[in-house]
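Here is coords33.tsv, consisting of TSV, C-alpha atoms and all ligand atoms:
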```
chain	number	residue	atom	x	y	z
A	1	MET	CA	-9.19	25.64	7.03
A	2	GLN	CA	-12.02	23.19	6.44
A	3	THR	CA	-11.70	19.68	5.09
A	4	LYS	CA	-13.79	19.24	1.98
A	5	LEU	CA	-15.53	15.98	1.12
A	6	ILE	CA	-15.60	15.43	-2.63
A	7	LYS	CA	-17.65	12.52	-3.87
A	8	ASN	CA	-17.37	12.75	-7.62
A	9	THR	CA	-14.68	13.01	-10.25
A	10	ASN	CA	-15.89	16.23	-11.91
A	11	GLU	CA	-15.81	18.07	-8.63
A	12	LEU	CA	-12.26	16.89	-7.97
A	13	ILE	CA	-11.15	18.03	-11.42
A	14	GLU	CA	-12.71	21.44	-10.75
A	15	TYR	CA	-11.05	21.66	-7.34
A	16	ARG	CA	-7.66	20.74	-8.80
A	17	ASN	CA	-8.04	23.32	-11.58
A	18	SER	CA	-8.65	25.99	-8.95
A	19	ILE	CA	-5.19	25.43	-7.41
A	20	GLN	CA	-2.50	27.73	-8.80
A	21	SER	CA	0.15	25.92	-10.77
A	22	ASP	CA	3.04	26.85	-8.47
A	23	PHE	CA	1.46	25.14	-5.44
A	24	SER	CA	2.36	21.59	-4.54
A	25	VAL	CA	-0.31	18.93	-4.12
A	26	GLY	CA	0.22	15.71	-2.18
A	27	LEU	CA	-1.98	12.69	-2.89
A	28	VAL	CA	-2.43	9.87	-0.38
A	29	PRO	CA	-4.36	6.99	-1.99
A	30	THR	CA	-6.10	4.71	0.53
A	31	MET	CA	-8.93	2.22	0.77
A	32	GLY	CA	-10.13	3.78	4.00
A	33	ALA	CA	-10.53	2.22	7.47
A	34	LEU	CA	-7.76	4.65	8.24
A	35	HIS	CA	-5.21	4.00	10.96
A	36	GLN	CA	-1.93	5.55	12.02
A	37	GLY	CA	-0.14	3.88	9.10
A	38	HIS	CA	-2.23	6.00	6.75
A	39	GLY	CA	-1.83	8.87	9.22
A	40	SER	CA	1.93	8.88	8.80
A	41	LEU	CA	1.56	9.21	5.01
A	42	ILE	CA	-0.90	12.06	5.50
A	43	LYS	CA	1.39	13.84	7.97
A	44	ASN	CA	4.30	13.60	5.54
A	45	SER	CA	2.16	15.03	2.77
A	46	LYS	CA	0.96	17.87	4.99
A	47	LYS	CA	4.54	18.76	5.88
A	48	GLN	CA	5.74	18.74	2.29
A	49	ASN	CA	2.86	20.24	0.33
A	50	ASP	CA	0.55	23.23	0.09
A	51	TYR	CA	-2.47	20.94	-0.40
A	52	THR	CA	-3.16	17.36	0.64
A	53	ILE	CA	-5.77	15.14	-0.99
A	54	VAL	CA	-6.61	11.77	0.60
A	55	SER	CA	-8.57	9.35	-1.53
A	56	VAL	CA	-10.78	6.80	0.20
A	57	PHE	CA	-11.92	4.21	-2.29
A	58	VAL	CA	-12.20	0.44	-2.00
A	59	ASN	CA	-11.09	-0.41	-5.51
A	60	PRO	CA	-12.97	-3.43	-6.88
A	61	THR	CA	-10.55	-4.14	-9.73
A	62	GLN	CA	-7.73	-5.08	-7.39
A	63	PHE	CA	-9.78	-7.73	-5.56
A	64	GLY	CA	-10.08	-11.30	-6.79
A	65	GLU	CA	-13.44	-13.02	-7.00
A	66	ASN	CA	-13.09	-14.87	-3.71
A	67	GLU	CA	-11.52	-12.01	-1.82
A	68	ASP	CA	-12.91	-9.65	0.80
A	69	PHE	CA	-14.17	-6.75	-1.39
A	70	ASP	CA	-17.70	-6.92	0.07
A	71	LYS	CA	-16.65	-7.23	3.65
A	72	TYR	CA	-13.68	-4.83	3.50
A	73	PRO	CA	-14.18	-2.37	6.43
A	74	ARG	CA	-15.80	0.91	5.37
A	75	ASP	CA	-16.48	3.89	7.65
A	76	LEU	CA	-16.29	7.14	5.70
A	77	GLU	CA	-17.57	9.26	8.57
A	78	LYS	CA	-14.80	8.09	10.88
A	79	ASP	CA	-12.17	8.42	8.13
A	80	PHE	CA	-13.34	11.94	7.34
A	81	LYS	CA	-13.05	12.95	11.01
A	82	TYR	CA	-9.54	11.53	11.18
A	83	CYS	CA	-8.57	13.48	8.05
A	84	GLN	CA	-10.11	16.63	9.55
A	85	GLU	CA	-7.99	16.20	12.67
A	86	LEU	CA	-4.88	15.92	10.50
A	87	GLY	CA	-5.79	19.03	8.52
A	88	VAL	CA	-6.34	17.31	5.17
A	89	ASP	CA	-7.69	19.65	2.47
A	90	VAL	CA	-9.78	17.16	0.54
A	91	VAL	CA	-11.12	13.68	1.15
A	92	PHE	CA	-12.01	12.21	-2.22
A	93	SER	CA	-14.43	9.31	-1.94
A	94	PRO	CA	-16.08	8.55	-5.29
A	95	SER	CA	-18.51	5.77	-6.17
A	96	VAL	CA	-17.44	2.71	-8.14
A	97	GLU	CA	-19.68	3.83	-11.03
A	98	ASP	CA	-17.97	7.19	-11.15
A	99	MET	CA	-14.47	5.72	-11.22
A	100	TYR	CA	-15.41	2.91	-13.62
A	101	PRO	CA	-18.22	4.22	-15.83
A	102	ILE	CA	-17.43	1.76	-18.62
A	103	LYS	CA	-16.71	-1.94	-18.12
A	104	ASP	CA	-14.72	-2.51	-21.29
A	105	GLN	CA	-12.12	0.14	-20.67
A	106	VAL	CA	-8.50	0.83	-21.54
A	107	LEU	CA	-6.22	-1.29	-19.38
A	108	ILE	CA	-2.75	-0.73	-18.09
A	109	TYR	CA	-0.46	-3.64	-17.32
A	110	PRO	CA	2.49	-3.70	-14.95
A	111	PRO	CA	5.84	-5.24	-15.94
A	112	LYS	CA	5.56	-9.04	-15.93
A	113	ASN	CA	8.71	-9.65	-13.91
A	114	MET	CA	7.51	-7.43	-11.10
A	115	ALA	CA	3.80	-7.96	-10.95
A	116	TYR	CA	3.12	-11.65	-11.36
A	117	VAL	CA	5.35	-12.82	-8.50
A	118	TYR	CA	4.65	-12.81	-4.75
A	119	GLU	CA	1.35	-10.91	-4.25
A	120	GLY	CA	0.71	-10.88	-7.98
A	121	PHE	CA	1.15	-14.66	-8.17
A	122	ILE	CA	-1.25	-15.33	-5.30
A	123	ARG	CA	-3.70	-12.55	-6.24
A	124	GLU	CA	-4.05	-12.88	-9.98
A	125	GLY	CA	-4.47	-9.52	-11.71
A	126	HIS	CA	-4.14	-7.63	-8.43
A	127	PHE	CA	-1.56	-5.15	-9.67
A	128	ASP	CA	-3.41	-4.58	-12.96
A	129	GLY	CA	-6.23	-3.23	-10.79
A	130	VAL	CA	-3.87	-1.26	-8.57
A	131	LEU	CA	-2.23	0.49	-11.53
A	132	MET	CA	-5.58	1.21	-13.11
A	133	ILE	CA	-6.92	3.01	-10.04
A	134	VAL	CA	-3.67	4.79	-9.23
A	135	MET	CA	-3.40	6.09	-12.80
A	136	LYS	CA	-7.00	7.36	-12.63
A	137	LEU	CA	-6.32	9.06	-9.28
A	138	PHE	CA	-3.13	10.61	-10.63
A	139	ASN	CA	-4.96	12.03	-13.63
A	140	LEU	CA	-7.74	13.45	-11.46
A	141	ALA	CA	-5.62	14.87	-8.64
A	142	ARG	CA	-2.48	15.64	-10.69
A	143	PRO	CA	-0.33	15.37	-7.56
A	144	THR	CA	3.14	16.88	-7.51
A	145	HIS	CA	3.89	14.34	-4.76
A	146	CYS	CA	2.30	11.01	-3.92
A	147	TYR	CA	2.68	8.96	-0.75
A	148	PHE	CA	2.87	5.19	-0.51
A	149	GLY	CA	3.70	2.96	2.44
A	150	GLN	CA	6.67	0.63	2.46
A	151	LYS	CA	4.26	-1.83	4.08
A	152	ASP	CA	3.08	-2.72	0.56
A	153	ALA	CA	6.57	-2.98	-0.86
A	154	GLN	CA	5.71	-4.66	-4.15
A	155	GLN	CA	2.92	-2.17	-4.82
A	156	LEU	CA	5.22	0.75	-4.08
A	157	LEU	CA	7.94	-0.51	-6.43
A	158	ILE	CA	5.50	-1.23	-9.26
A	159	ILE	CA	3.91	2.22	-8.95
A	160	LYS	CA	7.36	3.78	-8.93
A	161	ARG	CA	8.03	1.95	-12.19
A	162	MET	CA	4.70	3.09	-13.67
A	163	ILE	CA	5.58	6.70	-12.89
A	164	LYS	CA	8.95	6.27	-14.58
A	165	ASP	CA	7.68	4.36	-17.61
A	166	THR	CA	4.76	6.71	-18.27
A	167	PHE	CA	6.76	9.89	-17.49
A	168	PHE	CA	4.06	10.87	-15.02
A	169	PRO	CA	5.12	14.16	-13.38
A	170	THR	CA	4.81	13.20	-9.72
A	171	LYS	CA	7.38	12.37	-7.07
A	172	LEU	CA	6.75	9.21	-5.08
A	173	ILE	CA	7.59	9.50	-1.40
A	174	PRO	CA	7.98	6.10	0.32
A	175	CYS	CA	6.89	6.10	3.98
A	176	PRO	CA	8.14	3.66	6.63
A	177	ILE	CA	5.98	0.89	8.08
A	178	GLN	CA	4.02	1.87	11.19
A	179	ARG	CA	3.55	-0.85	13.78
A	180	ASP	CA	1.18	-1.46	16.65
A	181	PHE	CA	2.39	-1.64	20.27
A	182	ASP	CA	3.07	-5.37	19.88
A	183	GLY	CA	5.07	-5.07	16.66
A	184	LEU	CA	2.37	-6.14	14.20
A	185	ALA	CA	2.34	-3.89	11.12
A	186	LEU	CA	-0.81	-1.75	11.17
A	187	SER	CA	-3.34	-2.85	8.59
A	188	SER	CA	-7.05	-2.27	8.00
A	189	ARG	CA	-7.38	-6.07	7.88
A	190	ASN	CA	-6.06	-6.55	11.44
A	191	ILE	CA	-9.62	-6.12	12.70
A	192	TYR	CA	-10.46	-9.51	11.17
A	193	LEU	CA	-8.09	-11.21	13.65
A	194	THR	CA	-9.43	-12.94	16.75
A	195	LYS	CA	-7.48	-12.46	19.99
A	196	GLU	CA	-5.80	-15.82	19.50
A	197	GLU	CA	-4.94	-15.09	15.86
A	198	ARG	CA	-3.50	-11.75	16.83
A	199	LYS	CA	-1.08	-13.53	19.17
A	200	LEU	CA	-0.11	-15.99	16.45
A	201	SER	CA	0.41	-13.20	13.94
A	202	LEU	CA	3.28	-11.82	16.02
A	203	GLN	CA	5.45	-14.58	14.55
A	204	ILE	CA	5.57	-12.39	11.43
A	205	PRO	CA	7.36	-9.37	12.94
A	206	SER	CA	9.50	-11.75	15.03
A	207	CYS	CA	10.64	-13.49	11.88
A	208	LEU	CA	11.64	-10.17	10.30
A	209	GLN	CA	13.32	-8.95	13.48
A	210	THR	CA	15.39	-12.13	13.66
A	211	ILE	CA	16.48	-11.69	10.07
A	212	SER	CA	17.25	-8.02	10.68
A	213	LYS	CA	19.40	-8.94	13.68
A	214	ALA	CA	21.30	-11.56	11.70
A	215	ILE	CA	21.95	-9.00	8.95
A	216	SER	CA	23.23	-6.47	11.47
A	217	GLN	CA	25.54	-9.18	12.82
A	218	GLY	CA	27.05	-9.54	9.35
A	219	GLU	CA	25.11	-12.38	7.70
A	220	VAL	CA	24.69	-11.64	3.99
A	221	ASP	CA	23.70	-15.03	2.56
A	222	THR	CA	19.99	-14.79	1.76
A	223	ARG	CA	19.45	-18.57	1.85
A	224	ILE	CA	20.78	-18.70	5.41
A	225	LEU	CA	18.75	-15.62	6.40
A	226	ILE	CA	15.55	-17.20	5.12
A	227	GLU	CA	16.28	-20.40	7.06
A	228	ILE	CA	16.90	-18.35	10.22
A	229	GLY	CA	13.63	-16.47	9.71
A	230	LYS	CA	11.58	-19.61	9.04
A	231	LYS	CA	12.47	-20.93	12.50
A	232	GLU	CA	10.25	-18.20	13.97
A	233	ILE	CA	7.21	-19.48	12.08
A	234	TYR	CA	5.70	-22.55	13.70
A	235	ASN	CA	1.95	-22.53	13.27
A	236	LEU	CA	1.17	-20.02	10.55
A	237	GLU	CA	0.62	-20.78	6.91
A	238	LEU	CA	3.63	-19.05	5.40
A	239	GLU	CA	2.83	-18.07	1.82
A	240	TYR	CA	6.24	-16.66	0.99
A	241	LEU	CA	9.37	-15.45	2.69
A	242	ASP	CA	11.92	-14.26	0.21
A	243	ILE	CA	14.70	-11.76	-0.25
A	244	CYS	CA	14.85	-9.74	-3.43
A	245	ASN	CA	16.14	-6.49	-4.90
A	246	HIS	CA	14.06	-3.45	-5.88
A	247	ASN	CA	13.31	-5.07	-9.25
A	248	LEU	CA	11.80	-7.95	-7.25
A	249	GLU	CA	14.48	-10.34	-8.46
A	250	CYS	CA	15.76	-12.97	-6.02
A	251	ILE	CA	19.28	-12.31	-4.82
A	252	ASP	CA	21.92	-14.55	-3.23
A	253	LYS	CA	23.54	-11.88	-1.12
A	254	ILE	CA	22.24	-8.77	0.64
A	255	ILE	CA	22.83	-5.57	-1.34
A	256	PRO	CA	22.59	-2.61	1.07
A	257	ASN	CA	19.85	-0.13	0.06
A	258	ASN	CA	18.63	-2.47	-2.65
A	259	THR	CA	17.21	-5.37	-0.67
A	260	ILE	CA	13.78	-6.23	0.68
A	261	VAL	CA	12.77	-9.18	2.79
A	262	LEU	CA	9.20	-9.90	1.72
A	263	MET	CA	6.75	-12.08	3.53
A	264	ALA	CA	3.09	-13.02	3.56
A	265	ALA	CA	1.33	-15.43	5.87
A	266	LYS	CA	-2.20	-16.57	6.49
A	267	VAL	CA	-3.52	-16.37	10.02
A	268	GLY	CA	-6.86	-18.12	10.05
A	269	LYS	CA	-8.62	-16.64	7.03
A	270	THR	CA	-6.66	-13.38	7.08
A	271	ARG	CA	-3.62	-12.75	4.87
A	272	LEU	CA	-1.02	-10.51	6.43
A	273	LEU	CA	1.93	-8.87	4.67
A	274	ASP	CA	5.06	-7.52	6.19
A	275	ASN	CA	8.56	-6.74	5.03
A	276	LEU	CA	11.92	-5.31	5.85
A	277	TRP	CA	13.82	-2.79	3.74
A	278	VAL	CA	17.53	-3.35	4.09
B	1	LIG	P1	-4.55	0.71	1.98
B	1	LIG	O1	-5.63	1.57	2.52
B	1	LIG	O2	-4.32	-0.55	2.75
B	1	LIG	O3	-4.66	0.50	0.49
B	1	LIG	O4	-3.21	1.53	2.18
B	1	LIG	C1	-3.07	2.85	1.68
B	1	LIG	C2	-1.64	3.26	1.82
B	1	LIG	O5	-1.25	3.24	3.19
B	1	LIG	C3	-0.66	2.34	1.07
B	1	LIG	O6	0.36	3.13	0.47
B	1	LIG	C4	-0.10	1.48	2.18
B	1	LIG	O7	1.18	0.98	1.91
B	1	LIG	C5	-0.06	2.48	3.33
B	1	LIG	N1	-0.05	1.77	4.59
B	1	LIG	C6	-0.94	0.86	5.05
B	1	LIG	N2	-0.56	0.36	6.23
B	1	LIG	C7	0.61	0.97	6.55
B	1	LIG	C8	1.51	0.88	7.64
B	1	LIG	N3	1.30	0.05	8.66
B	1	LIG	N4	2.61	1.66	7.63
B	1	LIG	C9	2.84	2.51	6.59
B	1	LIG	N5	2.04	2.63	5.53
B	1	LIG	C10	0.94	1.87	5.50
```

Kindly return the structure encoded in the file as structure tokens.
Amino acid sequence: MQTKLIKNTNELIEYRNSIQSDFSVGLVPTMGALHQGHGSLIKNSKKQNDYTIVSVFVNPTQFGENEDFDKYPRDLEKDFKYCQELGVDVVFSPSVEDMYPIKDQVLIYPPKNMAYVYEGFIREGHFDGVLMIVMKLFNLARPTHCYFGQKDAQQLLIIKRMIKDTFFPTKLIPCPIQRDFDGLALSSRNIYLTKEERKLSLQIPSCLQTISKAISQGEVDTRILIEIGKKEIYNLELEYLDICNHNLECIDKIIPNNTIVLMAAKVGKTRLLDNLWV
């Protein structure tokens, strides 16, 4: 089997139409600069589907004006090779003009209570852009299954809600966070970190590990857990550390299987996200 590189929307539509209706199709949306975090999503899709499509597209509408859209790492050749090694059927990497041919287009808004807190509060309009691109990719690839990382917890929960609210016929498969040897969650943005910043950034997984340990020892009070976690952060700019349920509402006490510890911190100029699903 050969991995196909598809660079425009019409070709993807044609490809999708050529797949018989009783076959399953897994979609793994990414912004490229692929690492083993993406790899785990791809492997899950390969295991569970007849066909796997990986999209590689740095989506401009989810970046704010002063964010890193221009300097976001891009290396399609390397990403394509990685997908080849994993036996991906199609790498879909369209141009911005192809995905957004018209500026004044139909918009899709996420629920206010979920999308304008945490990441959505700091990155205004971020999830509007995420839903827009994911909806476009869904309509092009018509995946029976789609794969999202728990690393971006808020994104995953909002997309899950979009699927439910729009009756989109796809099953979302959440995939666990993949970490580097030192515990830092893998991220395409980790390459921005200097050696010193990388060391500092390890306070983030330490904070979550400490909270996780306290929970396993029986602590359920979220206020106390947050205090315990904050002690691990000494010289990072903590943007938020909070404990909420799957509707992204703050909770006083841990609810097993419906709790996430969310955090974001700035290390130098780089924002890093991490979280813990309880
Ligand atoms: P991105 O390319 O950063 O937009 O990520 C594409 C997908 O990969 C998203 O669903 C992310 O949540 C997922 N992802 C990124 N990093 C990781 C990781 N370390 N572990 C698991 N999934 C990840």

For the interface of chain A with ligand LIG 1 (chain B) (cut-off 10 Å, counting all atoms listed in the file), please tabulate each contacting residue of chain A alongside its nearest pair of atoms and their separation in Å to one decimal, rows sorted by chain and increasing number, as CSV.
```
residue,atom,partner,partner_atom,distance
A:Val28,CA,B:LIG1,C2,7.0
A:Pro29,CA,B:LIG1,C1,5.7
A:Thr30,CA,B:LIG1,C1,3.7
A:Met31,CA,B:LIG1,O1,3.8
A:Gly32,CA,B:LIG1,O1,5.2
A:Ala33,CA,B:LIG1,O1,7.0
A:Leu34,CA,B:LIG1,O1,6.8
A:His35,CA,B:LIG1,N2,7.6
A:Gln36,CA,B:LIG1,N3,7.2
A:Gly37,CA,B:LIG1,C8,3.7
A:His38,CA,B:LIG1,O5,4.6
A:Gly39,CA,B:LIG1,N5,8.2
A:Ser40,CA,B:LIG1,C9,6.8
A:Leu41,CA,B:LIG1,N5,6.6
A:Ile42,CA,B:LIG1,O5,9.1
A:Val54,CA,B:LIG1,C1,9.7
A:Ser55,CA,B:LIG1,C1,9.1
A:Val56,CA,B:LIG1,O1,7.7
A:Phe57,CA,B:LIG1,O1,8.3
A:Val58,CA,B:LIG1,O3,7.9
A:Asn59,CA,B:LIG1,O3,8.8
A:Val130,CA,B:LIG1,O3,9.3
A:Cys146,CA,B:LIG1,O6,9.2
A:Tyr147,CA,B:LIG1,O6,6.4
A:Phe148,CA,B:LIG1,O6,3.4
A:Gly149,CA,B:LIG1,O7,3.2
A:Gln150,CA,B:LIG1,O7,5.5
A:Lys151,CA,B:LIG1,O7,4.7
A:Asp152,CA,B:LIG1,O7,4.4
A:Ala153,CA,B:LIG1,O7,7.2
A:Gln154,CA,B:LIG1,O7,9.4
A:Gln155,CA,B:LIG1,O7,7.6
A:Leu156,CA,B:LIG1,O6,7.1
A:Ile173,CA,B:LIG1,O6,9.8
A:Pro174,CA,B:LIG1,O6,8.2
A:Cys175,CA,B:LIG1,C9,6.0
A:Pro176,CA,B:LIG1,C9,5.4
A:Ile177,CA,B:LIG1,N4,3.5
A:Gln178,CA,B:LIG1,N4,3.8
A:Arg179,CA,B:LIG1,N3,5.7
A:Asp180,CA,B:LIG1,N3,8.1
A:Leu184,CA,B:LIG1,N3,8.4
A:Ala185,CA,B:LIG1,N3,4.8
A:Leu186,CA,B:LIG1,N3,3.7
A:Ser187,CA,B:LIG1,N2,4.9
A:Ser188,CA,B:LIG1,O2,6.2
A:Arg189,CA,B:LIG1,O2,8.1
A:Leu273,CA,B:LIG1,N2,9.7
A:Asp274,CA,B:LIG1,N3,8.8
```

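The residue that comes closest to Val117 of chain A, out of A:Ile254, A:Ile158, A:Met99, A:Leu5 and on the basis of only C-alpha atoms, is A:Ile158.
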
When distances are computed from all atoms listed in the file, which of A:Leu193, A:Leu172, A:Ala265, A:Ile260 shows the smallest separation from Thr144 of chain A?
->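 Looking at the shortest contact to Thr144 of chain A, the residue is A:Leu172.
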
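Distances to Asp221 of chain A were evaluated for A:Val106, A:Leu276, A:Cys250, A:Leu238 using all atoms listed in the file, and the minimum falls at A:Cys250.
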
Minimum-distance residue to Ile228 of chain A, chosen among A:Asn247, A:Ser216, A:Gln2, A:Thr210 (using only C-alpha atoms) = A:Thr210

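Take the candidates A:Phe167, A:Phe138, A:Tyr240, A:Tyr51 and check each one against Asp89 of chain A using only C-alpha atoms; the shortest distance goes to A:Tyr51.
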
Using only C-alpha atoms, which of A:Cys244, A:Ile251, A:Glu239, A:Met135 sits nearest Phe121 of chain A?
->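 Of A:Cys244, A:Ile251, A:Glu239, A:Met135, the one nearest Phe121 of chain A, counting only C-alpha atoms, is A:Glu239.
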
So what do you get for atom CA of Ser201 of chain A versus atom CA of Val267 of chain A, distance-wise?
-> 6.4 Å

Sphere at (-6.9, 21.3, -7.9), radius 12 Å, counting all atoms listed in the file: residues as a PyMOL selection string = chain A and resi 6+9-27+50-53+89-90+92+138-144

Residue selection dump (C-alpha atoms) as a PDB file, in the coordinates of the input:
```
ATOM      1  CA  ILE A   6     -15.600  15.430  -2.630  1.00  0.00           C
ATOM      2  CA  THR A   9     -14.680  13.010 -10.250  1.00  0.00           C
ATOM      3  CA  ASN A  10     -15.890  16.230 -11.910  1.00  0.00           C
ATOM      4  CA  GLU A  11     -15.810  18.070  -8.630  1.00  0.00           C
ATOM      5  CA  LEU A  12     -12.260  16.890  -7.970  1.00  0.00           C
ATOM      6  CA  ILE A  13     -11.150  18.030 -11.420  1.00  0.00           C
ATOM      7  CA  GLU A  14     -12.710  21.440 -10.750  1.00  0.00           C
ATOM      8  CA  TYR A  15     -11.050  21.660  -7.340  1.00  0.00           C
ATOM      9  CA  ARG A  16      -7.660  20.740  -8.800  1.00  0.00           C
ATOM     10  CA  ASN A  17      -8.040  23.320 -11.580  1.00  0.00           C
ATOM     11  CA  SER A  18      -8.650  25.990  -8.950  1.00  0.00           C
ATOM     12  CA  ILE A  19      -5.190  25.430  -7.410  1.00  0.00           C
ATOM     13  CA  GLN A  20      -2.500  27.730  -8.800  1.00  0.00           C
ATOM     14  CA  SER A  21       0.150  25.920 -10.770  1.00  0.00           C
ATOM     15  CA  ASP A  22       3.040  26.850  -8.470  1.00  0.00           C
ATOM     16  CA  PHE A  23       1.460  25.140  -5.440  1.00  0.00           C
ATOM     17  CA  SER A  24       2.360  21.590  -4.540  1.00  0.00           C
ATOM     18  CA  VAL A  25      -0.310  18.930  -4.120  1.00  0.00           C
ATOM     19  CA  GLY A  26       0.220  15.710  -2.180  1.00  0.00           C
ATOM     20  CA  LEU A  27      -1.980  12.690  -2.890  1.00  0.00           C
ATOM     21  CA  ASP A  50       0.550  23.230   0.090  1.00  0.00           C
ATOM     22  CA  TYR A  51      -2.470  20.940  -0.400  1.00  0.00           C
ATOM     23  CA  THR A  52      -3.160  17.360   0.640  1.00  0.00           C
ATOM     24  CA  ILE A  53      -5.770  15.140  -0.990  1.00  0.00           C
ATOM     25  CA  ASP A  89      -7.690  19.650   2.470  1.00  0.00           C
ATOM     26  CA  VAL A  90      -9.780  17.160   0.540  1.00  0.00           C
ATOM     27  CA  PHE A  92     -12.010  12.210  -2.220  1.00  0.00           C
ATOM     28  CA  PHE A 138      -3.130  10.610 -10.630  1.00  0.00           C
ATOM     29  CA  ASN A 139      -4.960  12.030 -13.630  1.00  0.00           C
ATOM     30  CA  LEU A 140      -7.740  13.450 -11.460  1.00  0.00           C
ATOM     31  CA  ALA A 141      -5.620  14.870  -8.640  1.00  0.00           C
ATOM     32  CA  ARG A 142      -2.480  15.640 -10.690  1.00  0.00           C
ATOM     33  CA  PRO A 143      -0.330  15.370  -7.560  1.00  0.00           C
ATOM     34  CA  THR A 144       3.140  16.880  -7.510  1.00  0.00           C
TER      35      THR A 144
END
```

Could you jot down the atom CA of Arg223 of chain A to atom CA of Val261 of chain A separation for me, Å, one decimal place?
->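 It comes out at 11.6 Å.
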
To one decimal place, how far is atom CA of Leu236 of chain A from atom CA of Glu197 of chain A in Å?
->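 Atom-to-atom, atom CA of Leu236 of chain A to atom CA of Glu197 of chain A, that is 9.5 Å.
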
Quick one: residues within 8 Å of (7.2, -16.7, 11.0) (file frame), counting only C-alpha atoms, please, as number ranges by chain.
-> A: 203-208, 229-234, 236, 238, 265

Keeping only C-alpha atoms, write those residues as a PDB file, keeping the file's coordinate frame.
```pdb
ATOM      1  CA  GLN A 203       5.450 -14.580  14.550  1.00  0.00           C
ATOM      2  CA  ILE A 204       5.570 -12.390  11.430  1.00  0.00           C
ATOM      3  CA  PRO A 205       7.360  -9.370  12.940  1.00  0.00           C
ATOM      4  CA  SER A 206       9.500 -11.750  15.030  1.00  0.00           C
ATOM      5  CA  CYS A 207      10.640 -13.490  11.880  1.00  0.00           C
ATOM      6  CA  LEU A 208      11.640 -10.170  10.300  1.00  0.00           C
ATOM      7  CA  GLY A 229      13.630 -16.470   9.710  1.00  0.00           C
ATOM      8  CA  LYS A 230      11.580 -19.610   9.040  1.00  0.00           C
ATOM      9  CA  LYS A 231      12.470 -20.930  12.500  1.00  0.00           C
ATOM     10  CA  GLU A 232      10.250 -18.200  13.970  1.00  0.00           C
ATOM     11  CA  ILE A 233       7.210 -19.480  12.080  1.00  0.00           C
ATOM     12  CA  TYR A 234       5.700 -22.550  13.700  1.00  0.00           C
ATOM     13  CA  LEU A 236       1.170 -20.020  10.550  1.00  0.00           C
ATOM     14  CA  LEU A 238       3.630 -19.050   5.400  1.00  0.00           C
ATOM     15  CA  ALA A 265       1.330 -15.430   5.870  1.00  0.00           C
TER      16      ALA A 265
END
```

What are the centre and edge lengths in Å, to one decimal, of the axis-aligned box around all listed atoms of segment 8-15 of chain A with 3 Å added on each side, as lines of an AutoDock Vina configuration file?
```
center_x = -14.2
center_y = 17.2
center_z = -9.6
size_x = 12.3
size_y = 14.9
size_z = 10.6
```
